[in-house]
$ cat protein-v3.cif   # mmCIF, C-alpha atoms
data_final
#
loop_
_atom_site.label_atom_id
_atom_site.label_comp_id
_atom_site.auth_asym_id
_atom_site.auth_seq_id
_atom_site.Cartn_x
_atom_site.Cartn_y
_atom_site.Cartn_z
CA MET A 1 37.32 181.27 83.56
CA VAL A 2 35.71 178.83 81.13
CA ASP A 3 37.10 176.85 78.21
CA PHE A 4 34.49 177.70 75.60
CA VAL A 5 31.83 180.33 75.09
CA PHE A 6 29.47 179.64 72.20
CA LEU A 7 27.82 182.82 70.91
CA ASP A 8 24.82 182.97 68.61
CA SER A 9 21.97 185.33 67.80
CA GLY A 10 19.63 182.83 69.44
CA ILE A 11 19.48 179.18 70.41
CA GLY A 12 20.55 177.87 66.99
CA GLY A 13 24.15 176.90 67.71
CA ILE A 14 23.57 174.78 70.82
CA PRO A 15 24.24 171.53 68.86
CA TYR A 16 27.83 172.71 68.34
CA MET A 17 28.31 172.87 72.11
CA THR A 18 26.62 169.57 72.89
CA SER A 19 28.57 167.83 70.12
CA LEU A 20 31.83 169.22 71.50
CA LEU A 21 30.95 168.04 75.02
CA GLU A 22 30.36 164.54 73.68
CA LYS A 23 33.96 164.51 72.46
CA GLU A 24 35.52 166.44 75.40
CA LYS A 25 33.41 165.78 78.49
CA GLU A 26 35.71 167.73 80.84
CA ALA A 27 35.50 171.03 78.95
CA SER A 28 33.63 173.86 80.63
CA CYS A 29 31.15 175.54 78.31
CA VAL A 30 28.80 178.53 78.35
CA TYR A 31 26.27 179.31 75.65
CA VAL A 32 25.17 182.91 75.10
CA ALA A 33 22.14 183.65 72.94
CA ASP A 34 21.83 187.29 71.89
CA SER A 35 18.04 187.03 71.93
CA ALA A 36 17.62 190.79 72.47
CA ASN A 37 19.11 191.47 69.01
CA PHE A 38 17.51 188.53 67.19
CA PRO A 39 17.31 188.21 64.20
CA TYR A 40 20.83 188.98 62.98
CA GLY A 41 20.14 187.86 59.44
CA GLU A 42 18.12 190.98 58.63
CA LYS A 43 20.74 193.44 59.94
CA SER A 44 23.34 195.38 57.95
CA HIS A 45 26.98 194.36 58.07
CA GLU A 46 27.79 197.38 60.21
CA LYS A 47 25.03 196.62 62.72
CA VAL A 48 26.07 192.98 63.04
CA VAL A 49 29.65 194.02 63.79
CA GLU A 50 28.51 196.61 66.32
CA CYS A 51 26.29 194.16 68.21
CA VAL A 52 28.86 191.36 68.25
CA LEU A 53 31.79 193.52 69.38
CA SER A 54 29.76 194.93 72.26
CA LEU A 55 28.56 191.53 73.45
CA VAL A 56 31.96 189.85 73.15
CA GLU A 57 33.46 192.56 75.36
CA LYS A 58 30.94 191.61 78.08
CA ILE A 59 31.62 187.91 77.58
CA ILE A 60 35.37 188.35 77.99
CA CYS A 61 34.93 190.38 81.17
CA LYS A 62 32.49 187.89 82.72
CA PHE A 63 33.89 184.52 81.63
CA ASN A 64 37.52 185.04 80.49
CA PRO A 65 37.13 182.22 77.94
CA SER A 66 39.90 180.30 76.26
CA VAL A 67 37.96 180.04 72.98
CA ILE A 68 34.91 181.88 71.67
CA VAL A 69 32.99 179.98 69.00
CA LEU A 70 30.77 182.15 66.83
CA ALA A 71 28.00 179.57 66.49
CA CYS A 72 26.28 181.69 63.86
CA ASN A 73 27.08 181.95 60.17
CA THR A 74 25.89 185.57 59.95
CA MET A 75 28.09 186.66 62.86
CA SER A 76 31.05 184.76 61.45
CA VAL A 77 31.02 186.07 57.88
CA ASN A 78 30.45 189.65 59.05
CA ALA A 79 32.31 190.09 62.34
CA LEU A 80 35.07 187.50 62.72
CA GLU A 81 37.81 189.67 61.24
CA SER A 82 36.85 192.65 63.43
CA LEU A 83 36.79 190.48 66.55
CA ARG A 84 40.29 189.14 65.94
CA GLU A 85 41.57 192.67 65.45
CA LYS A 86 39.95 194.06 68.60
CA PHE A 87 40.55 191.07 70.92
CA PRO A 88 43.85 189.47 69.83
CA GLN A 89 44.22 187.75 73.20
CA ILE A 90 41.22 185.50 72.49
CA ASP A 91 41.04 182.55 70.10
CA PHE A 92 37.95 182.79 67.88
CA VAL A 93 36.42 180.02 65.79
CA GLY A 94 33.84 180.87 63.14
CA THR A 95 31.19 178.86 61.33
CA VAL A 96 30.57 178.98 57.60
CA PRO A 97 28.22 177.04 55.30
CA ALA A 98 29.44 173.51 54.49
CA ILE A 99 29.91 174.19 50.76
CA LYS A 100 33.03 172.01 50.52
CA LEU A 101 31.26 169.02 52.05
CA ALA A 102 28.20 169.56 49.86
CA ALA A 103 30.30 169.65 46.70
CA SER A 104 31.97 166.38 47.63
CA LEU A 105 28.55 164.68 47.80
CA SER A 106 26.76 166.25 44.83
CA LYS A 107 26.39 164.34 41.57
CA LYS A 108 24.18 166.90 39.84
CA ARG A 109 26.56 169.76 40.84
CA ARG A 110 23.58 171.81 42.04
CA LEU A 111 23.83 172.81 45.70
CA GLY A 112 21.09 174.41 47.78
CA LEU A 113 22.00 176.91 50.50
CA LEU A 114 19.36 177.63 53.14
CA ALA A 115 20.40 180.55 55.36
CA THR A 116 19.68 184.11 56.46
CA HIS A 117 19.56 187.03 54.04
CA ALA A 118 22.88 188.29 55.43
CA THR A 119 24.61 184.95 54.89
CA CYS A 120 23.15 184.40 51.43
CA GLU A 121 24.21 187.85 50.30
CA ASN A 122 27.70 187.81 51.82
CA PRO A 123 30.50 187.64 49.22
CA TYR A 124 32.39 185.15 51.39
CA ASN A 125 30.10 182.41 50.07
CA LEU A 126 31.25 183.18 46.53
CA GLU A 127 34.84 182.71 47.70
CA LEU A 128 33.94 179.34 49.24
CA GLN A 129 32.17 178.32 46.07
CA LYS A 130 35.10 179.32 43.83
CA LYS A 131 37.55 177.49 46.11
CA PHE A 132 35.63 174.27 46.79
CA ALA A 133 32.73 174.06 44.32
CA SER A 134 33.71 175.98 41.20
CA ASP A 135 31.90 173.50 38.96
CA CYS A 136 28.67 173.71 40.98
CA GLN A 137 25.70 176.03 40.88
CA LEU A 138 24.77 177.45 44.28
CA ILE A 139 21.01 177.93 44.64
CA LYS A 140 20.34 180.24 47.62
CA ARG A 141 17.20 180.57 49.71
CA PRO A 142 17.03 183.05 52.62
CA ASP A 143 14.31 181.96 55.04
CA PRO A 144 13.83 184.33 58.00
CA ASP A 145 10.35 182.99 58.76
CA LEU A 146 11.65 179.46 59.28
CA ILE A 147 14.49 180.74 61.46
CA SER A 148 12.00 182.66 63.59
CA PHE A 149 9.82 179.55 63.91
CA ILE A 150 12.75 177.51 65.20
CA GLU A 151 13.84 180.23 67.63
CA HIS A 152 10.40 180.77 69.12
CA ASN A 153 8.31 177.65 68.51
CA ALA A 154 10.19 174.52 67.44
CA PHE A 155 11.02 173.17 70.89
CA THR A 156 7.39 173.13 71.98
CA ALA A 157 5.86 172.36 68.57
CA LYS A 158 4.60 168.96 67.43
CA ARG A 159 6.57 166.98 64.87
CA GLU A 160 3.91 167.59 62.24
CA GLU A 161 4.21 171.36 62.75
CA CYS A 162 7.98 171.21 62.26
CA LEU A 163 7.63 169.14 59.10
CA LYS A 164 5.11 171.64 57.73
CA ALA A 165 7.48 174.52 58.55
CA VAL A 166 10.45 173.07 56.62
CA GLU A 167 8.40 171.81 53.64
CA PRO A 168 8.56 175.06 51.55
CA ALA A 169 12.37 175.03 51.66
CA ILE A 170 12.55 171.36 50.75
CA ARG A 171 10.14 171.87 47.87
CA PHE A 172 12.12 174.91 46.63
CA PHE A 173 15.39 172.99 46.37
CA LYS A 174 13.78 169.94 44.78
CA GLU A 175 12.08 172.14 42.19
CA ASN A 176 15.51 173.65 41.45
CA ASP A 177 16.95 170.15 40.92
CA CYS A 178 19.40 170.29 43.84
CA ASP A 179 20.69 167.00 45.22
CA VAL A 180 22.44 168.46 48.30
CA MET A 181 21.03 171.04 50.70
CA ILE A 182 23.29 173.02 53.05
CA LEU A 183 21.95 174.10 56.43
CA GLY A 184 23.60 177.53 56.38
CA CYS A 185 22.05 178.91 59.57
CA THR A 186 22.81 177.25 62.87
CA HIS A 187 19.15 177.43 63.93
CA PHE A 188 18.45 174.67 61.44
CA LEU A 189 20.74 172.29 63.34
CA ASN A 190 18.10 171.89 66.04
CA VAL A 191 15.75 170.22 63.54
CA THR A 192 18.23 168.42 61.27
CA ASP A 193 16.28 165.18 61.69
CA VAL A 194 13.13 166.97 60.53
CA PHE A 195 14.89 168.27 57.41
CA LYS A 196 16.22 164.80 56.61
CA GLN A 197 12.81 163.22 57.00
CA ALA A 198 11.18 165.84 54.77
CA ALA A 199 13.98 165.72 52.18
CA GLY A 200 13.86 161.96 51.60
CA GLU A 201 16.55 159.99 49.77
CA ASN A 202 17.12 162.24 46.76
CA LEU A 203 18.13 165.41 48.62
CA LYS A 204 21.05 165.09 51.03
CA VAL A 205 21.16 167.45 54.03
CA VAL A 206 24.57 168.61 55.29
CA ASP A 207 25.89 170.95 57.98
CA SER A 208 29.19 172.14 59.46
CA VAL A 209 28.93 170.68 62.99
CA ASP A 210 31.69 168.04 62.80
CA GLY A 211 34.20 170.37 61.14
CA VAL A 212 33.59 173.25 63.55
CA VAL A 213 33.81 171.00 66.61
CA ARG A 214 37.07 169.40 65.47
CA HIS A 215 38.62 172.78 64.76
CA SER A 216 37.42 174.24 68.08
CA LEU A 217 39.00 171.38 70.02
CA ASP A 218 42.27 171.70 68.08
CA VAL A 219 42.46 175.42 68.89
CA TRP A 220 41.62 174.81 72.56
CA LYS A 221 44.20 172.04 73.00
CA LYS A 222 46.93 174.38 71.77
CA SER A 223 45.86 177.11 74.20
CA ASP A 224 47.58 177.73 77.52
CA LYS A 225 44.24 178.90 78.99
CA LYS A 226 42.42 175.76 80.13
CA THR A 227 40.37 175.29 83.26
CA SER A 228 40.98 172.36 85.57
CA GLU A 229 37.45 172.34 86.96
CA LYS A 230 34.55 170.59 85.25
CA LYS A 231 31.43 172.79 85.28
CA GLU A 232 27.82 172.27 84.28
CA PRO A 233 27.11 173.74 80.81
CA LEU A 234 25.13 176.96 81.14
CA LEU A 235 22.73 178.93 78.94
CA TYR A 236 22.49 182.73 79.11
CA VAL A 237 20.29 185.00 77.00
CA THR A 238 20.43 188.76 76.57
CA GLY A 239 16.71 189.16 77.12
CA PHE A 240 13.28 187.51 77.12
CA SER A 241 9.90 189.17 77.33
CA ASP A 242 7.35 186.73 78.71
CA GLN A 243 6.66 183.37 80.33
CA ASP A 244 6.25 181.64 76.98
CA GLU A 245 9.83 182.50 76.06
CA LYS A 246 10.99 181.36 79.50
CA ASN A 247 9.18 178.04 78.96
CA GLN A 248 10.92 177.67 75.61
CA TYR A 249 14.35 178.11 77.22
CA ASP A 250 13.42 175.63 79.94
CA GLN A 251 12.52 173.09 77.25
CA ILE A 252 15.80 173.73 75.45
CA CYS A 253 17.79 173.18 78.64
CA LEU A 254 15.87 170.00 79.39
CA ARG A 255 16.56 168.66 75.90
CA TYR A 256 20.27 169.48 75.88
CA GLY A 257 21.20 169.06 79.56
CA LEU A 258 21.95 172.73 80.25
CA ARG A 259 21.19 174.98 83.21
CA PHE A 260 19.35 178.20 82.38
CA GLN A 261 20.97 181.27 83.97
CA GLY A 262 18.60 183.93 82.69
CA GLN A 263 19.83 187.25 81.34
CA LEU A 264 23.49 188.04 80.85
CA ASN A 265 24.25 191.23 82.76
#
$ encode --input "protein-v3.cif" --output "structure tokens"
Amino acid sequence: MVDFVFLDSGIGGIPYMTSLLEKEKEASCVYVADSANFPYGEKSHEKVVECVLSLVEKIICKFNPSVIVLACNTMSVNALESLREKFPQIDFVGTVPAIKLAASLSKKRRLGLLATHATCENPYNLELQKKFASDCQLIKRPDPDLISFIEHNAFTAKREECLKAVEPAIRFFKENDCDVMILGCTHFLNVTDVFKQAAGENLKVVDSVDGVVRHSLDVWKKSDKKTSEKKEPLLYVTGFSDQDEKNQYDQICLRYGLRFQGQLN
């Protein structure tokens, strides 16, 4: 049994787990990257739900977690409701774009959302906008190429390469007169500092890490399923094809203090 399993389509949501461990050092955590089905952002709603339900069933059987955090906006907006219906015995926490936070910071009332196609197109974002930012315009930019770069290259790339990769998105939102930019895909969290450097002072960069971590810990503390044994945080993937990908995962584990466990069987 473990306290938390963090599930994402790739390595994007690891900062959620490491941030949680900074606040609750005794929690036992496993991170599962569904690398075999990456990218999720280009899949249909039905396919996302199918992939997530199948993988969560394996996760429950293997780890018996107290809380499963969907560390992926695309998974959350498409599959969270289905997961709660199928696995009522598990507490699920989802992630959604930080539209409320962005609206609280914007003076121009023009918000930029950088995310996957699936997240940008999901009607749930319109609900968030109506509820928390009804007086704001939401300028959306799906960016699958940048997400792929972060998944496959960012951890071994030079700083200059990362800055060059994020520059088109920064330029897009500045040209559209946005003063706040929302990192709406968890992959972007691994290069938040790069985004902030490229954005400069006139474009604020926000994400949902603090809110998700606080909520995850609140849910966990109310649960009667907690482990009493501190364990090293682990990283599993659902597949990798070559040594370059293995090297990337080794670099990720070195950066975040995880132990790579290979493929989830």
$ atom_distance --input "protein-v3.cif" --atom1 "atom CA of A:Asn190" --atom2 "atom CA of A:Glu24"
20.5 Å
$ residues_near_point --input "protein-v3.cif" --point "(10.1, 177.7, 58.8)" --cutoff "12 Å" --atoms "all atoms listed in the file" --output "ChimeraX atom specification"
/A:114-116,141-154,157,161-170,187-188,191,194-195
$ closest_residue --input "protein-v3.cif" --among "A:Leu258, A:Leu126, A:Leu55, A:Leu234" --to "A:Val30" --atoms "all atoms listed in the file"
A:Leu234
$ axis_aligned_box --input "protein-v3.cif" --around "stretch 166-181 of chain A" --padding-each-side "4 Å" --output "AutoDock Vina command-line options"
--center_x 15.4 --center_y 171.0 --center_z 48.8 --size_x 22.0 --size_y 16.1 --size_z 23.7
$ closest_residue --input "protein-v3.cif" --among "A:Leu113, A:Leu53, A:Leu101, A:Ile90" --to "A:Val67" --atoms "only C-alpha atoms"
A:Ile90
$ residues_around --input "protein-v3.cif" --residues "A:Val52" --least-positions-apart "6" --cutoff "10 Å" --atoms "all atoms listed in the file" --output "list in words"
Leu7, Asp8, Ser9, Asp34, Asn37, Tyr40, Leu70, Met75, Ser76, Asn78, Ala79, Leu80, Ser82 and Leu83 of chain A
$ closest_residue --input "protein-v3.cif" --among "A:Glu245, A:Asp224, A:Asp218, A:Glu127" --to "A:Leu20" --atoms "all atoms listed in the file"
A:Asp218
$ closest_residue --input "protein-v3.cif" --among "A:Cys51, A:Met181, A:Leu128, A:Val219" --to "A:Lys140" --atoms "all atoms listed in the file"
A:Met181
$ decode --input "protein-v3.cif" --residues "stretch 87-102 of chain A" --atoms "N, CA, C and O atoms" --output "mmCIF file, in the first residue's frame"
data_model
loop_
_atom_site.group_PDB
_atom_site.id
_atom_site.type_symbol
_atom_site.label_atom_id
_atom_site.label_comp_id
_atom_site.auth_asym_id
_atom_site.auth_seq_id
_atom_site.Cartn_x
_atom_site.Cartn_y
_atom_site.Cartn_z
ATOM 1 N N PHE A 87 -14.453 3.448 -9.598
ATOM 2 C CA PHE A 87 -13.637 3.072 -8.429
ATOM 3 C C PHE A 87 -14.015 3.941 -7.231
ATOM 4 O O PHE A 87 -13.221 4.767 -6.761
ATOM 5 N N PRO A 88 -15.215 3.776 -6.688
ATOM 6 C CA PRO A 88 -15.676 4.647 -5.596
ATOM 7 C C PRO A 88 -14.881 4.473 -4.301
ATOM 8 O O PRO A 88 -14.962 5.325 -3.407
ATOM 9 N N GLN A 89 -14.125 3.390 -4.194
ATOM 10 C CA GLN A 89 -13.346 3.151 -2.980
ATOM 11 C C GLN A 89 -12.067 3.962 -2.927
ATOM 12 O O GLN A 89 -11.396 4.008 -1.887
ATOM 13 N N ILE A 90 -11.712 4.634 -4.028
ATOM 14 C CA ILE A 90 -10.472 5.399 -4.115
ATOM 15 C C ILE A 90 -10.776 6.891 -4.141
ATOM 16 O O ILE A 90 -11.724 7.332 -4.794
ATOM 17 N N ASP A 91 -9.967 7.668 -3.437
ATOM 18 C CA ASP A 91 -10.059 9.125 -3.520
ATOM 19 C C ASP A 91 -9.229 9.611 -4.701
ATOM 20 O O ASP A 91 -8.035 9.289 -4.802
ATOM 21 N N PHE A 92 -9.840 10.378 -5.582
ATOM 22 C CA PHE A 92 -9.155 10.931 -6.746
ATOM 23 C C PHE A 92 -9.059 12.447 -6.620
ATOM 24 O O PHE A 92 -9.994 13.103 -6.166
ATOM 25 N N VAL A 93 -7.922 12.985 -7.025
ATOM 26 C CA VAL A 93 -7.731 14.427 -7.091
ATOM 27 C C VAL A 93 -7.334 14.770 -8.523
ATOM 28 O O VAL A 93 -6.415 14.154 -9.085
ATOM 29 N N GLY A 94 -8.019 15.727 -9.120
ATOM 30 C CA GLY A 94 -7.713 16.124 -10.483
ATOM 31 C C GLY A 94 -6.937 17.425 -10.541
ATOM 32 O O GLY A 94 -6.764 18.113 -9.522
ATOM 33 N N THR A 95 -6.458 17.745 -11.716
ATOM 34 C CA THR A 95 -5.768 19.020 -11.952
ATOM 35 C C THR A 95 -6.465 19.732 -13.094
ATOM 36 O O THR A 95 -6.820 19.111 -14.091
ATOM 37 N N VAL A 96 -6.664 21.021 -12.922
ATOM 38 C CA VAL A 96 -7.282 21.832 -13.970
ATOM 39 C C VAL A 96 -6.480 23.125 -14.106
ATOM 40 O O VAL A 96 -5.769 23.525 -13.185
ATOM 41 N N PRO A 97 -6.571 23.787 -15.255
ATOM 42 C CA PRO A 97 -5.822 25.034 -15.452
ATOM 43 C C PRO A 97 -6.164 26.086 -14.393
ATOM 44 O O PRO A 97 -7.317 26.223 -13.978
ATOM 45 N N ALA A 98 -5.153 26.852 -13.984
ATOM 46 C CA ALA A 98 -5.290 27.818 -12.884
ATOM 47 C C ALA A 98 -5.935 29.115 -13.379
ATOM 48 O O ALA A 98 -5.367 30.211 -13.257
ATOM 49 N N ILE A 99 -7.146 29.010 -13.903
ATOM 50 C CA ILE A 99 -7.852 30.176 -14.446
ATOM 51 C C ILE A 99 -8.243 31.144 -13.336
ATOM 52 O O ILE A 99 -8.133 32.371 -13.482
ATOM 53 N N LYS A 100 -8.658 30.621 -12.190
ATOM 54 C CA LYS A 100 -9.037 31.492 -11.068
ATOM 55 C C LYS A 100 -7.855 32.318 -10.598
ATOM 56 O O LYS A 100 -7.965 33.540 -10.390
ATOM 57 N N LEU A 101 -6.704 31.682 -10.421
ATOM 58 C CA LEU A 101 -5.502 32.399 -9.994
ATOM 59 C C LEU A 101 -5.097 33.432 -11.033
ATOM 60 O O LEU A 101 -4.747 34.578 -10.690
ATOM 61 N N ALA A 102 -5.145 33.056 -12.305
ATOM 62 C CA ALA A 102 -4.758 33.981 -13.366
ATOM 63 C C ALA A 102 -5.649 35.222 -13.376
ATOM 64 O O ALA A 102 -5.158 36.351 -13.519
#
